[in-house]
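Enquirer: Following this line is input39.tsv, made up of TSV, C-alpha atoms:
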```tsv
chain	number	residue	atom	x	y	z
A	12	MET	CA	0.00	0.00	0.00
A	13	LYS	CA	1.62	3.15	-1.15
A	14	ARG	CA	0.89	6.48	0.40
A	15	LEU	CA	2.59	9.62	1.49
A	16	LEU	CA	2.65	10.87	4.99
A	17	THR	CA	4.15	14.00	6.52
A	18	ILE	CA	5.45	14.89	9.95
A	19	LEU	CA	7.76	17.54	11.25
A	20	ALA	CA	11.21	16.49	12.52
A	21	ALA	CA	14.42	15.77	10.73
A	22	GLY	CA	14.77	12.36	9.13
A	23	ALA	CA	12.39	10.54	11.46
A	24	ALA	CA	11.44	7.03	10.39
A	25	LEU	CA	8.42	5.13	11.58
A	26	SER	CA	9.12	2.99	14.63
A	27	ALA	CA	8.60	-0.74	14.63
A	28	VAL	CA	5.78	-2.02	16.79
A	29	VAL	CA	6.48	-4.58	19.49
A	30	ALA	CA	4.38	-7.32	20.94
A	31	THR	CA	2.36	-5.77	23.76
A	32	PRO	CA	0.29	-2.59	23.90
A	33	ALA	CA	2.09	-1.48	27.08
A	34	SER	CA	5.35	-1.28	25.14
A	35	ALA	CA	3.87	-0.59	21.71
A	36	ASP	CA	5.72	2.02	19.73
A	37	HIS	CA	4.11	3.13	16.53
A	38	SER	CA	4.32	6.73	17.64
A	39	TRP	CA	6.37	9.26	15.71
A	40	ASN	CA	8.72	10.35	18.45
A	41	GLY	CA	5.88	11.55	20.66
A	42	TYR	CA	4.61	14.25	18.29
A	43	HIS	CA	1.20	15.31	19.54
A	44	TRP	CA	-1.35	18.08	19.69
A	45	ALA	CA	-0.82	20.36	22.68
A	46	ARG	CA	-3.92	20.52	24.88
A	47	THR	CA	-4.73	21.23	28.50
A	48	ALA	CA	-7.05	18.27	29.14
A	49	ASN	CA	-8.24	14.92	27.75
A	50	PRO	CA	-10.35	14.21	25.85
A	51	PHE	CA	-9.76	17.15	23.53
A	52	ALA	CA	-11.91	18.20	20.58
A	53	LEU	CA	-10.18	18.26	17.21
A	54	LYS	CA	-11.86	19.65	14.11
A	55	VAL	CA	-11.61	17.66	10.88
A	56	GLY	CA	-12.39	19.79	7.84
A	57	ASN	CA	-14.57	17.92	5.34
A	58	ASN	CA	-13.31	18.75	1.84
A	59	VAL	CA	-14.09	15.33	0.35
A	60	SER	CA	-16.49	14.44	-2.46
A	61	SER	CA	-19.52	12.20	-1.99
A	62	VAL	CA	-17.60	9.04	-2.92
A	63	TRP	CA	-15.46	9.56	0.21
A	64	ALA	CA	-18.18	10.78	2.56
A	65	THR	CA	-18.95	7.43	4.19
A	66	GLN	CA	-15.28	6.60	4.69
A	67	LEU	CA	-14.54	9.97	6.29
A	68	ALA	CA	-17.50	9.68	8.64
A	69	THR	CA	-16.51	6.12	9.60
A	70	SER	CA	-12.89	7.10	10.21
A	71	ASN	CA	-13.88	10.06	12.38
A	72	ALA	CA	-16.20	7.86	14.44
A	73	ASP	CA	-13.52	5.17	14.80
A	74	TRP	CA	-10.85	7.56	16.06
A	75	THR	CA	-13.32	9.26	18.41
A	76	THR	CA	-13.58	5.88	20.18
A	77	SER	CA	-10.19	6.75	21.66
A	78	ASP	CA	-10.28	8.02	25.24
A	79	VAL	CA	-8.13	11.02	24.40
A	80	MET	CA	-9.86	12.80	21.51
A	81	ASP	CA	-13.24	13.67	20.02
A	82	LEU	CA	-13.22	14.42	16.30
A	83	ALA	CA	-15.71	16.99	15.08
A	84	SER	CA	-16.48	17.06	11.36
A	85	VAL	CA	-16.73	20.67	10.16
A	86	ALA	CA	-16.99	22.41	6.80
A	87	GLY	CA	-13.62	22.27	5.10
A	88	THR	CA	-11.43	25.31	4.56
A	89	ALA	CA	-8.89	23.77	2.18
A	90	ASN	CA	-8.40	24.45	-1.51
A	91	LYS	CA	-7.64	21.75	-4.09
A	92	ARG	CA	-4.07	21.59	-2.85
A	93	CYS	CA	-5.48	20.83	0.62
A	94	SER	CA	-3.72	23.71	2.33
A	95	MET	CA	-3.60	23.28	6.08
A	96	THR	CA	-5.52	25.41	8.57
A	97	LEU	CA	-4.11	26.14	12.01
A	98	GLY	CA	-5.51	24.02	14.79
A	99	THR	CA	-7.35	21.60	12.50
A	100	VAL	CA	-6.95	18.58	10.25
A	101	GLN	CA	-8.18	19.06	6.68
A	102	ALA	CA	-9.29	15.94	4.73
A	103	CYS	CA	-9.26	16.17	0.93
A	104	ASN	CA	-9.47	14.11	-2.22
A	105	SER	CA	-8.63	15.11	-5.77
A	106	LYS	CA	-6.90	13.94	-8.92
A	107	TYR	CA	-3.41	14.88	-7.81
A	108	GLY	CA	-1.85	13.15	-10.80
A	109	SER	CA	0.49	10.22	-11.35
A	110	THR	CA	2.64	11.22	-8.42
A	111	GLY	CA	3.35	7.70	-7.20
A	112	TRP	CA	1.49	8.23	-3.91
A	113	LEU	CA	-1.97	6.97	-3.02
A	114	GLY	CA	-2.50	8.95	0.18
A	115	LEU	CA	-0.64	11.73	1.92
A	116	ALA	CA	-0.74	12.92	5.53
A	117	SER	CA	0.99	16.11	6.65
A	118	ILE	CA	1.56	17.70	10.02
A	119	ASN	CA	3.46	20.79	11.07
A	120	ILE	CA	5.34	20.87	14.38
A	121	SER	CA	6.31	23.73	16.68
A	122	GLY	CA	8.44	23.59	19.78
A	123	GLY	CA	9.93	20.27	18.76
A	124	THR	CA	6.91	18.07	19.48
A	125	HIS	CA	3.60	19.92	19.16
A	126	ILE	CA	1.39	19.39	16.11
A	127	THR	CA	-0.20	22.67	15.02
A	128	GLN	CA	-2.10	21.64	11.88
A	129	GLY	CA	-2.56	18.66	9.60
A	130	SER	CA	-3.96	17.41	6.33
A	131	ALA	CA	-4.89	14.07	4.81
A	132	LYS	CA	-5.02	13.72	1.02
A	133	MET	CA	-6.35	10.86	-1.09
A	134	ASN	CA	-5.22	10.69	-4.71
A	135	ASP	CA	-8.16	9.97	-7.01
A	136	THR	CA	-5.82	9.53	-9.95
A	137	TYR	CA	-5.28	6.04	-8.51
A	138	PHE	CA	-8.56	5.57	-6.66
A	139	ASN	CA	-10.42	5.99	-9.96
A	140	THR	CA	-8.64	2.93	-11.34
A	141	ALA	CA	-10.01	-0.60	-11.03
A	142	ASN	CA	-7.26	-1.73	-8.67
A	143	TYR	CA	-7.97	0.84	-5.94
A	144	ASN	CA	-11.61	1.77	-6.55
A	145	ASN	CA	-13.30	-0.12	-3.72
A	146	PRO	CA	-14.71	1.03	-0.35
A	147	ASN	CA	-12.39	-1.11	1.77
A	148	GLU	CA	-9.21	0.32	0.27
A	149	ARG	CA	-10.63	3.82	0.55
A	150	LEU	CA	-11.40	3.27	4.23
A	151	HIS	CA	-7.96	1.78	4.91
A	152	VAL	CA	-6.22	4.77	3.38
A	153	ILE	CA	-8.31	7.59	4.86
A	154	CYS	CA	-8.24	5.98	8.31
A	155	GLN	CA	-4.45	5.71	8.13
A	156	GLU	CA	-3.81	9.20	6.80
A	157	ILE	CA	-5.98	10.80	9.47
A	158	GLY	CA	-4.37	8.57	12.10
A	159	HIS	CA	-0.97	9.93	11.11
A	160	THR	CA	-2.13	13.47	11.89
A	161	PHE	CA	-2.39	12.50	15.57
A	162	GLY	CA	1.26	11.38	15.68
A	163	LEU	CA	0.74	7.69	14.94
A	164	GLY	CA	3.11	5.73	12.71
A	165	HIS	CA	2.73	2.39	10.98
A	166	THR	CA	2.41	-0.81	12.98
A	167	SER	CA	4.23	-2.74	10.24
A	168	GLU	CA	5.46	-2.24	6.69
A	169	ASP	CA	5.67	-5.81	5.37
A	170	GLY	CA	2.20	-5.94	3.80
A	171	THR	CA	0.70	-8.34	6.34
A	172	SER	CA	-2.44	-7.43	8.23
A	173	GLN	CA	-2.41	-6.62	11.94
A	174	ASN	CA	-6.08	-5.77	11.43
A	175	THR	CA	-5.44	-2.07	11.89
A	176	CYS	CA	-5.62	0.69	9.33
A	177	MET	CA	-2.14	1.69	10.49
A	178	ASP	CA	-0.51	-1.33	8.79
A	179	TYR	CA	0.55	-1.80	5.14
A	180	PHE	CA	-2.06	-4.38	4.20
A	181	SER	CA	-3.64	-3.59	0.83
A	182	ASN	CA	-7.37	-4.10	0.31
A	183	THR	CA	-6.89	-4.58	-3.42
A	184	GLY	CA	-6.89	-7.47	-5.87
A	185	ALA	CA	-7.82	-10.70	-4.11
A	186	ASN	CA	-8.22	-8.69	-0.89
A	187	ALA	CA	-10.61	-6.11	-2.34
A	188	THR	CA	-13.60	-7.56	-0.47
A	189	SER	CA	-11.69	-8.00	2.79
A	190	THR	CA	-12.51	-5.67	5.67
A	191	LEU	CA	-9.22	-6.44	7.42
A	192	SER	CA	-7.17	-3.37	8.33
A	193	THR	CA	-9.96	-0.88	7.70
A	194	HIS	CA	-10.36	0.38	11.29
A	195	PRO	CA	-8.10	1.22	14.24
A	196	ASN	CA	-7.61	-1.54	16.77
A	197	GLN	CA	-7.02	-1.55	20.52
A	198	ARG	CA	-3.27	-1.23	20.01
A	199	ASP	CA	-3.83	2.09	18.25
A	200	TYR	CA	-6.01	3.35	21.08
A	201	ASP	CA	-3.42	2.17	23.60
A	202	GLN	CA	-0.69	3.98	21.68
A	203	LEU	CA	-2.72	7.18	21.61
A	204	GLY	CA	-3.15	6.81	25.35
A	205	LEU	CA	0.63	6.65	25.73
A	206	ILE	CA	1.26	9.60	23.42
A	207	TYR	CA	-1.34	11.76	25.16
A	208	THR	CA	-0.70	10.66	28.75
A	209	HIS	CA	0.49	14.11	29.83
A	210	THR	CA	-1.29	17.41	29.30
A	211	ASP	CA	0.21	20.75	28.30
A	212	SER	CA	-0.03	24.29	29.62
A	213	THR	CA	-1.05	25.57	26.18
A	214	THR	CA	-3.11	24.29	23.27
A	215	THR	CA	-2.51	24.03	19.53
A	216	VAL	CA	-6.02	22.88	18.63
A	217	ALA	CA	-8.51	25.09	16.80
A	218	SER	CA	-9.06	27.61	19.59
A	219	ALA	CA	-5.38	28.57	19.49
A	220	THR	CA	-5.45	31.77	17.40
A	221	ALA	CA	-2.09	33.27	18.34
A	222	LEU	CA	0.05	30.84	16.38
A	223	SER	CA	2.39	32.16	13.73
A	224	ALA	CA	1.07	32.25	10.19
A	225	GLY	CA	4.39	30.72	9.23
A	226	MET	CA	3.15	27.35	10.37
A	227	ALA	CA	1.19	27.08	7.14
A	228	GLY	CA	4.42	27.07	5.13
A	229	ARG	CA	3.95	30.54	3.66
A	230	SER	CA	5.47	31.41	0.33
A	231	ASP	CA	8.04	33.91	1.65
A	232	VAL	CA	10.12	31.22	3.33
A	233	VAL	CA	12.19	28.89	1.19
A	234	PRO	CA	12.76	25.42	2.59
A	235	PHE	CA	15.80	23.24	2.32
A	236	ARG	CA	14.68	19.84	1.16
A	237	THR	CA	16.48	16.53	1.25
A	238	VAL	CA	15.04	13.25	0.05
A	239	ARG	CA	16.46	9.87	0.89
A	240	SER	CA	15.30	6.38	0.03
A	241	ASP	CA	14.66	4.20	3.07
A	242	ASN	CA	13.40	0.97	1.54
A	243	ALA	CA	11.32	-0.31	-1.34
A	244	LYS	CA	8.19	1.33	0.02
A	245	HIS	CA	9.00	4.78	1.30
A	246	SER	CA	11.35	7.74	1.30
A	247	VAL	CA	11.72	10.67	3.68
A	248	ILE	CA	11.57	14.38	2.78
A	249	ALA	CA	12.70	16.97	5.32
A	250	GLU	CA	11.89	20.66	4.81
A	251	TYR	CA	13.34	23.34	7.08
A	252	TYR	CA	11.69	26.76	6.97
A	253	ALA	CA	13.27	30.10	7.80
A	254	ASP	CA	10.63	30.73	10.47
A	255	GLY	CA	11.89	27.73	12.45
A	256	THR	CA	9.25	25.21	11.40
A	257	THR	CA	10.10	21.82	9.97
A	258	ARG	CA	8.09	19.42	7.89
A	259	ILE	CA	9.03	15.80	7.22
A	260	THR	CA	7.27	13.76	4.59
A	261	ASP	CA	7.32	9.99	4.58
A	262	VAL	CA	6.64	8.92	0.98
A	263	LEU	CA	5.21	5.47	0.29
A	264	TRP	CA	5.50	4.85	-3.39
A	265	VAL	CA	3.01	3.05	-5.59
A	266	ASP	CA	5.76	1.47	-7.68
A	267	GLY	CA	8.88	1.46	-5.53
A	268	PRO	CA	11.37	4.09	-4.37
A	269	ARG	CA	12.55	7.06	-6.41
A	270	SER	CA	16.03	8.47	-6.68
A	271	VAL	CA	17.58	10.26	-3.74
A	272	VAL	CA	17.69	14.00	-4.40
A	273	SER	CA	18.62	17.08	-2.42
A	274	ARG	CA	18.01	20.73	-3.16
A	275	GLY	CA	18.12	24.08	-1.43
```
Represent the supplied structure as structure tokens.
Expert:
Amino acid sequence: MKRLLTILAAGAALSAVVATPASADHSWNGYHWARTANPFALKVGNNVSSVWATQLATSNADWTTSDVMDLASVAGTANKRCSMTLGTVQACNSKYGSTGWLGLASINISGGTHITQGSAKMNDTYFNTANYNNPNERLHVICQEIGHTFGLGHTSEDGTSQNTCMDYFSNTGANATSTLSTHPNQRDYDQLGLIYTHTDSTTTVASATALSAGMAGRSDVVPFRTVRSDNAKHSVIAEYYADGTTRITDVLWVDGPRSVVSRG
């Protein structure tokens, strides 16, 4: 399953999960939304078309089952590019082209660990093809991309099913009718509990209006970008902005890794 996911921190790779929820580690280095209490309300902007509506609603309901967060579906504020909005997650679908990625999740980080905004994109260029155009694969992808915006990583990357949307199982081909790996499981909820055990003195969720506009990746700051190939399924992009923000993109390719490139 090939998709693109973004977090903020230099060169971070997804951690391998271990056998018990108490020691589970499919967190991305503890990146989390700052908030003063649990559960916290997080707005998910609905920018998706009707073909994705059921999957978005199901994903939001699934993640709200967690003890630490309540997702509220609100009218989307994103454009076609799915620009992020401070304090929210924006969910989008569009024909993004033959980019090599099926889904993309992005988060911006301030202060080293705090998520300030996020987005989840689904690429209809591939979902409109026979291989990916089924409700189970759509649900797997949107559930995973939104899960990433909370600071969750993958539970595994070998293509087997751990029956969580955070694994690399693909609901395509012979598995197109399978509902495996289309929802979070208890391990995901346990991991969220670990990530969000502590509370913060400030908040980065939607009510936080004093955050710098730079967190949106404004056009007057030029990032340094480096891309490296990790394995046959994903690469990592790190972008460092002049205003002190950092964005890291974990790219899961549809057809294998691309060349390693760097640019300023």
Enquirer: Pick out the closest residue to A:Asp81 from this set: A:Pro195, A:Gly122, A:Pro50, A:Gly129. Count all atoms listed in the file.
Expert: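 Smallest distance to A:Asp81 is found for A:Pro50.
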Enquirer: Residues near A:Tyr137, anyone? I mean within 9 Å using only C-alpha atoms, not counting same-chain ones fewer than 2 positions away, as JSON, numbers by chain.
Expert: {"A": [106, 108, 109, 111, 112, 113, 133, 134, 135, 139, 140, 141, 142, 143, 144]}
Enquirer: Please identify all polymer residues within 10 Å of A:Thr210, counting only C-alpha atoms, omitting same-chain residues fewer than 5 positions from it, and present them as a ChimeraX atom specification.
Expert: /A:44-49
Enquirer: How many Å lie between atom CA of A:Trp74 and atom CA of A:Gly184, rounded to one decimal?
Expert: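 Taking atom CA of A:Trp74 as the start and atom CA of A:Gly184 as the end point, the length is 26.9 Å.
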Enquirer: Hey, can you check how far atom CA of A:His37 sits from atom CA of A:Thr69?
Expert: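 Value for the atom CA of A:His37-atom CA of A:Thr69 distance: 22.0 Å.
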Enquirer: Select, from A:Thr256, A:Ser130, A:Gln155, A:Ser172, the residue with the minimum atom-to-atom distance to A:Gln66, counting all atoms listed in the file.
Expert: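 Residue with the minimum atom-to-atom distance to A:Gln66: A:Gln155.
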Enquirer: Pick the closest to A:Ser60 from A:His209, A:His194, A:Lys91, A:Arg258: which is it, counting all atoms listed in the file?
Expert: A:Lys91
Enquirer: Name the closest residue to A:Gly123 among the candidates A:Thr175, A:Thr188, A:Asn40, A:Ser77; distances are taken between atoms, counting all atoms listed in the file.
Expert: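 Counting all atoms listed in the file, the residue closest to A:Gly123 is A:Asn40.
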Enquirer: Smallest atom-to-atom distance to A:Thr65: which of A:Gly158, A:Gly41, A:Pro146, A:Gly255, using only C-alpha atoms?
Expert: A:Pro146
Enquirer: For a test of reading the model, state the distance in Å between atom CA of A:Thr190 and atom CA of A:Cys154, rounded to one decimal.
Expert: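 These atoms are spaced 12.7 Å apart.
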Enquirer: At a cut-off of 6 Å, using all atoms listed in the file, what residues contact stretch 159-167 of chain A? Leave out same-chain residues fewer than 2 positions from it and give the result as a PyMOL selection string.
Expert: chain A and resi 25+28+37-39+42-43+118+129+156-157+169+177-178
Enquirer: Could you take the residues named above and write them with C-alpha atoms, as a PDB file, in the coordinates of the input?
Expert:
```pdb
ATOM      1  CA  LEU A  25       8.420   5.130  11.580  1.00  0.00           C
ATOM      2  CA  VAL A  28       5.780  -2.020  16.790  1.00  0.00           C
ATOM      3  CA  HIS A  37       4.110   3.130  16.530  1.00  0.00           C
ATOM      4  CA  SER A  38       4.320   6.730  17.640  1.00  0.00           C
ATOM      5  CA  TRP A  39       6.370   9.260  15.710  1.00  0.00           C
ATOM      6  CA  TYR A  42       4.610  14.250  18.290  1.00  0.00           C
ATOM      7  CA  HIS A  43       1.200  15.310  19.540  1.00  0.00           C
ATOM      8  CA  ILE A 118       1.560  17.700  10.020  1.00  0.00           C
ATOM      9  CA  GLY A 129      -2.560  18.660   9.600  1.00  0.00           C
ATOM     10  CA  GLU A 156      -3.810   9.200   6.800  1.00  0.00           C
ATOM     11  CA  ILE A 157      -5.980  10.800   9.470  1.00  0.00           C
ATOM     12  CA  ASP A 169       5.670  -5.810   5.370  1.00  0.00           C
ATOM     13  CA  MET A 177      -2.140   1.690  10.490  1.00  0.00           C
ATOM     14  CA  ASP A 178      -0.510  -1.330   8.790  1.00  0.00           C
TER      15      ASP A 178
END
```
Enquirer: So, counting only C-alpha atoms, which residue among A:Asn145, A:Ser212, A:Asp73, A:Ala253 is closest to A:Cys176?
Expert: A:Asp73
Enquirer: Take every atom of stretch 56-69 of chain A listed in the file, fit an axis-aligned box around them, add 4 Å per side, and give the centre and edge lengths in Å to one decimal as JSON.
Expert:
```
{"center_x": -16.0, "center_y": 13.0, "center_z": 3.3, "size_x": 15.1, "size_y": 21.7, "size_z": 20.5}
```
